[in-house]
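Trainee: Handing you this structure, nothing more for now.
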Amino acid sequence: MAEMWISMGPQHPMTHGLWTLKVKVDGETIVDADPELGYLHRSVEKMGERRKYFMNTTLTDRLCYASSTTWTHCYALSVEELMGVEVPQRAQYIRTIMLELQRLASHLMWAGAYMPDLGHITGALYFWRDRELFLNLLELPSGSRLLYNYIRIGGVKRDLPDGFEEKTERILKLFEQRLDEYADLFENSKIFRMRTEDVGNFTASQAMNLGITGPNLRGCGTKFDLRKQDSYEIYDEIDWEIQTREAGPGYGDCFSRYMVRIDEMKESVKIIRECFKKMPAGPTMASKVPIRASGDAFRRTEDSRGEALMYLVGDGSDRPYRWKIKSPMFTTISACPHYLKGYKVADIPSIMGSIDICIGETDK
Amino acid sequence: MSLFSFCRWMAEWTANYMLIPVFDFQKNLFPPFSHPAGTIADWLGTDGGLDTLAWTFAVNIAFAIGMTNLILVIHLERKIAARIQDRRGPMLSFRSFRELGEDLAGEAPSWRFKDNYSGIGILQNMADGIKAITKELIVPAKADKFLFTMGPIIFISSSVFLLVLFPLSDRFAASSAPAGLMVIMAAFSIAPIGVLTSGWASNNKYSMIGGMRSAAQLMSYEIPLLLSMAGVFLLAGSFDPVTIVEQQQEGTWLFGLPMWNFIPQFLGFIVFMICILAEVERVPFDLPEAEAELVEGWTTEYSGIRYMLFLAAEYIRGFAGAAVCTILFLGGWAGPWPIPPEIWFLSKVYLILIFWIFIRWTVPRIRTDQILELGWKKLLPLSLINILIVIFMVEIYPYFSDIVNLPEVF
């Protein structure tokens with residue numbers, strides 16, 4: 001068969017959002033790829049420059065529909081650095097709990113979206129059933145299920161409700177049991193491993209050169225997690241490990257990326273438990289939060305998908321002068337020709353699914 | 001009484017008491033002119049006419065039974081899939097209509113409907129059928145219109161043809177040919193032509209890749225499939241389903257159980273089960289219509305009742321494949337007395353179908369190169385080894401056992 005271009009998207013089951021992947025195929029083998037982004041661009045950065053600092057948390061919530069709290073948290077961190085606000089200890093613990101719950105929900109959403117890519121519909125329903133549990137938990141303090149707007153500049157909106165710890169503990173216990181059950185269905189399954197092992201390989205140095213971060217980089221065996229390296233909130237006071245896995249010496253495949261996320265979920269459960277144990281009493285909001293700021297601030301956090309980065313410049317007014325967001329997925333998707341070449345057409349959903357695409361934050 | 005003699009009796013009754021009097025009346029209505037009704041009445045009175053009528057009845061009965069089973073299989077698949085996935089599945093049935101009617105008639109206290117109506121969901125298939133029939137049949141602008149129409153006809157007609165080919169028991173067979181199983185496998189292999197035709201005629205790259213994948217897959221799986229069947233044919237010495245089932249009742253096994261073919265030819269049974277899954281294109285071998293990368297593959301451009309019939313034809317092929325497997329390896333319609341053989345046959349078929357449904361909802365899909373590798377490098381040698389074992393059993397072992405008086409194993 002002659003070489004031809006196939007356009008996958010913007011409406012295609014593989015894309016998980018609104019973007020186009022053009023692949024050049026020779027029979028079934030991929031020769032070249034060309035991602036096209038920008039269908040969902042809402043100019044969040046420019047909109048933010050016309051709004052006051054505290055208003056922007058609604059915009060950052062909408063950056064990623066699967067992981068909204070982490071983005072609001074990144075924004076709150078950078079504004080707090082700009083304004084010099086001290087966040088109370090209890091608020092930091094609550095933030096950590098919410099971030100880890102959000103990471104669990106986001107990874108479960110990814111796992112549920114990854115299974116139909118491999119033709120495994122049942123997996124989607126199992127993982128999304130578990131995601132419901134964590135959405136219920138996130139709903140308790142914040143009052144909503146998708147866009148929480150719970151983390152605010154200087155702390156959190158309100159304290160945790162009564163009985164939150166017991167409910168969380170019950171759900172975490174159930175979730176741990178279920179993850180062990182799923183091991184037989186997914187990672188121990190021969191066909192699942194046939195589809196994911198030795199597919200979509202890239203080495204750690206390649207990933208660093210291309211700007212791939214987060215679980216995709218840790219899937220190559222690199223111990224890089226901003227929660228440890230550039231610690232924020234109370235992550236350095238808690239005993240936890242960076243989860244890595246590699247398919248071979250210095251490179252990762254779809255299966256190692258899958259396992260890194262599964263291990264990360266187990267680690268998040270540990271972090272939440274320890275947070276509840278160490279959580280002090282006290283206020284959940286800084287006593288005084290200014291509305292004007294000047295200077296510049298730069299913070300990066302470990303989002304569910306990689307390194308989220310925000311740069312803010314204030315000119316002394318109540319609105320940011322300049323606001324820049326760096327999305328982890330934008331660089332990862334842009335690098336896709338490097339890790340798609342040489343694989344089969346049937347591997348495209350497997351590879352693109354394993355890097356956990358979220359178009360909301362990619363297109364901003 | 002066999003199905004054909006029953007149909008012959010029915011044909012005689014219908015011809016003598018219903019059709020011939022009507023045609024005679026028509027003929028006598030206009031006596032001055034020669035009337036075709038008269039020749040039809042004369043022809044119906046002959047043996048040939050009655051045989052033709054009897055065949056029509058027999059084929060229609062087999063077709064109706066197959067279609068009823070098709071509805072049941074689809075319903076079973078939906079319900080079992082739902083139970084595996086922690087859902088309830090379709091719930092709409094006649095009973096839920098009655099409850100809804102009672103609510104609407106004002107017997108329920110509130111204007112609001114109840115949250116759930118009891119029912120097992122058998123009406124969901126009817127609802128899907130009505131929906132599919134009322135939809136537009138879209139033909140893409142640059143498609144090859146003739147081939148685009150011919151593809152579904154080839155695929156669906158060859159699949160429906162399968163329904164009349166396999167017997168439900170030795171007395172209940174619409175057709176019984178000495179080469180019965182060869183005819184079934186020949187009918188199975190017409191479908192790739194329809195798939196390739198509709199994939200190419202759609203003028204869509206996804207469809208074309210799907211059609212090519214289907215052709216490659218079916219071609220590479222026909223060979224181990226037929227080779228694994230060859231062992232059974234060697235053992236029975238016939239292609240006739242009735243002979244094959246009778247042969248399986250001869251030997252006995254532990255506790256006097258009949259030695260059906262899946263015990264001596266376990267290797268062949270495994271190869272056949274994998275290959276027939278690939279032949280009927282079910283998960284994990286459904287890559288010609290992989291919805292993740294090819295968006296339903298070669299059926300992408302089809303809409304309405306054509307798409308619905310594609311799906312129905314796939315279930316018919318699955319049903320026929322399970323029936324062939326039952327005849328070859330699971331003793332066909334044989335079973336203890338009080339239950340009629342037709343029910344034994346169908347329950348074995350449904351056992352295989354339920355096993356397939358469990359597979360479908362618990363494993364991912366395999367890749368194209370992996371499926372071809374599996375077919376050529378693993379299944380083909382295994383089926384050849386199976387044939388070697390059967391040749392040893394049939395030809396060499398009896399010869400040696402006569403000389404050295406070995407203990408009876410098989």
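Within each chain, counting starts at residue 1; across the structure tokens, chains are named A, B, ... in the order shown, with ligands numbered 1 upward in that order.
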Could you tell me which residues of chain A sit within 6 Å of chain B when counting only C-alpha atoms, and give me the result as a PyMOL selection string?
Mentor: chain A and resi 13-14+117-120+122
Trainee: For the selection just defined, write its residues with C-alpha atoms to a file, as an mmCIF file, in the first residue's frame.
Mentor:
data_model
loop_
_atom_site.group_PDB
_atom_site.id
_atom_site.type_symbol
_atom_site.label_atom_id
_atom_site.label_comp_id
_atom_site.auth_asym_id
_atom_site.auth_seq_id
_atom_site.Cartn_x
_atom_site.Cartn_y
_atom_site.Cartn_z
ATOM 1 C CA PRO A 13 -12.532 8.424 19.777
ATOM 2 C CA MET A 14 -8.747 8.430 20.177
ATOM 3 C CA ASP A 117 -8.676 2.820 23.785
ATOM 4 C CA LEU A 118 -7.472 -0.745 24.139
ATOM 5 C CA GLY A 119 -10.963 -2.126 23.462
ATOM 6 C CA HIS A 120 -11.732 -2.863 27.112
ATOM 7 C CA THR A 122 -15.489 -2.873 31.245
#
Trainee: What's around range 125-127 of chain A at 7 Å? Count only C-alpha atoms, leave out sequence neighbours fewer than 2 positions away in its own chain, and write the answer as a ChimeraX atom specification.
Mentor: /A:108-109,111-112,121-123,129-131 /B:85
Trainee: Within 8 Å of Ser256 in chain A, counting only C-alpha atoms, which residues show up once you throw out same-chain ones fewer than 2 positions away? Write them as number ranges by chain, please.
Mentor: A: 197, 219-220, 245-247, 252-254, 258-260
Trainee: Using DSSP assignments from the backbone, pull out every residue in range 57-170 of chain B that falls under helix (DSSP H, G or I) and give it to me as JSON, numbers by chain.
Mentor: {"B": [57, 58, 59, 60, 61, 62, 63, 64, 65, 66, 67, 68, 69, 70, 71, 72, 73, 74, 75, 76, 77, 78, 79, 80, 81, 82, 83, 84, 94, 95, 96, 97, 98, 99, 100, 101, 102, 103, 104, 124, 125, 126, 127, 128, 129, 130, 131, 132, 133, 134, 145, 146, 147, 148, 149, 150, 151, 152, 153, 154, 155, 156, 157, 158, 159, 160, 161, 162, 163, 164]}
Trainee: I'd like the neighbourhood of range 58-72 of chain A as a VMD selection string, where a residue qualifies if any of its atoms comes within 8 Å (using only C-alpha atoms), though same-chain residues fewer than 4 positions away should be ignored.
Mentor: chain A and resid 44 48 76 98 to 99 102 to 103 105 to 106 109 146 to 152 303 to 304 308 358 to 361 364
Trainee: Within 10 Å of range 146-150 of chain B, counting only C-alpha atoms, which residues qualify if same-chain residues fewer than 6 places away don't, as JSON, numbers by chain?
Mentor: {"B": [139, 140, 194, 197, 198, 199, 200, 201, 202, 203, 301, 302, 306]}
Trainee: So which one's closest to Phe239 in chain B, B:Ala216, B:Ile193, B:Ile133, B:Met185? Using only C-alpha atoms, please.
Mentor: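 Ranking B:Ala216, B:Ile193, B:Ile133, B:Met185 by distance to Phe239 in chain B, first place goes to B:Met185.
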Trainee: Extract, using only C-alpha atoms, all DNA, RNA and protein residues at most 9 Å from Ser334 in chain A, discarding same-chain residues fewer than 5 positions from it, and format them as number ranges by chain.
Mentor: A: 34-37, 210, 329
Trainee: Quick one: write out the picked residues with C-alpha atoms as a short mmCIF file (atom, residue, chain, number, x, y, z; two decimals), in the first residue's frame?
Mentor:
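In the end it all went to result-v6.cif:
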data_model
loop_
_atom_site.label_atom_id
_atom_site.label_comp_id
_atom_site.auth_asym_id
_atom_site.auth_seq_id
_atom_site.Cartn_x
_atom_site.Cartn_y
_atom_site.Cartn_z
CA ASP A 34 1.69 15.94 12.92
CA PRO A 35 -0.40 17.08 15.89
CA GLU A 36 -2.64 20.12 15.46
CA LEU A 37 -3.78 21.93 18.60
CA LEU A 210 11.33 17.12 24.60
CA MET A 329 0.47 18.34 28.10
#
Trainee: Please provide as a list in words all residues within 10 Å of Pro258 in chain B, with the sequence filter that same-chain residues fewer than 2 positions apart are discarded (counting only C-alpha atoms).
Mentor: Gln248, Gln249, Glu250, Gly251, Thr252, Trp253, Leu254, Phe255, Gly256, Trp260, Asn261, Ile263, Gly331, Ala334 and Gly335 of chain B
Trainee: Once DSSP has gone over the backbone, tell me which residues of range 242-308 of chain A are in strand (DSSP E or B), as a VMD selection string.
Mentor: chain A and resid 248 251 to 252 285 294 to 302 307 to 308
Trainee: Report, in Å with one decimal, the straight-line distance from CA of Gly211 in chain A to CA of Pro328 in chain A.
Mentor: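 If I compute the distance from CA of Gly211 in chain A to CA of Pro328 in chain A, I get 8.0 Å.
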Trainee: Determine the nearest neighbour of Pro167 in chain B from the options B:Pro241, B:Gly119, B:Gly210, B:Gly297, counting only C-alpha atoms.
Mentor: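 So, comparing all the options, the nearest one is B:Pro241.
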Trainee: Here is a test: counting only C-alpha atoms, which residue of B:Met273, B:Ile71, B:Ile357, B:Leu346 is nearest to Leu225 in chain B?
Mentor: B:Met273
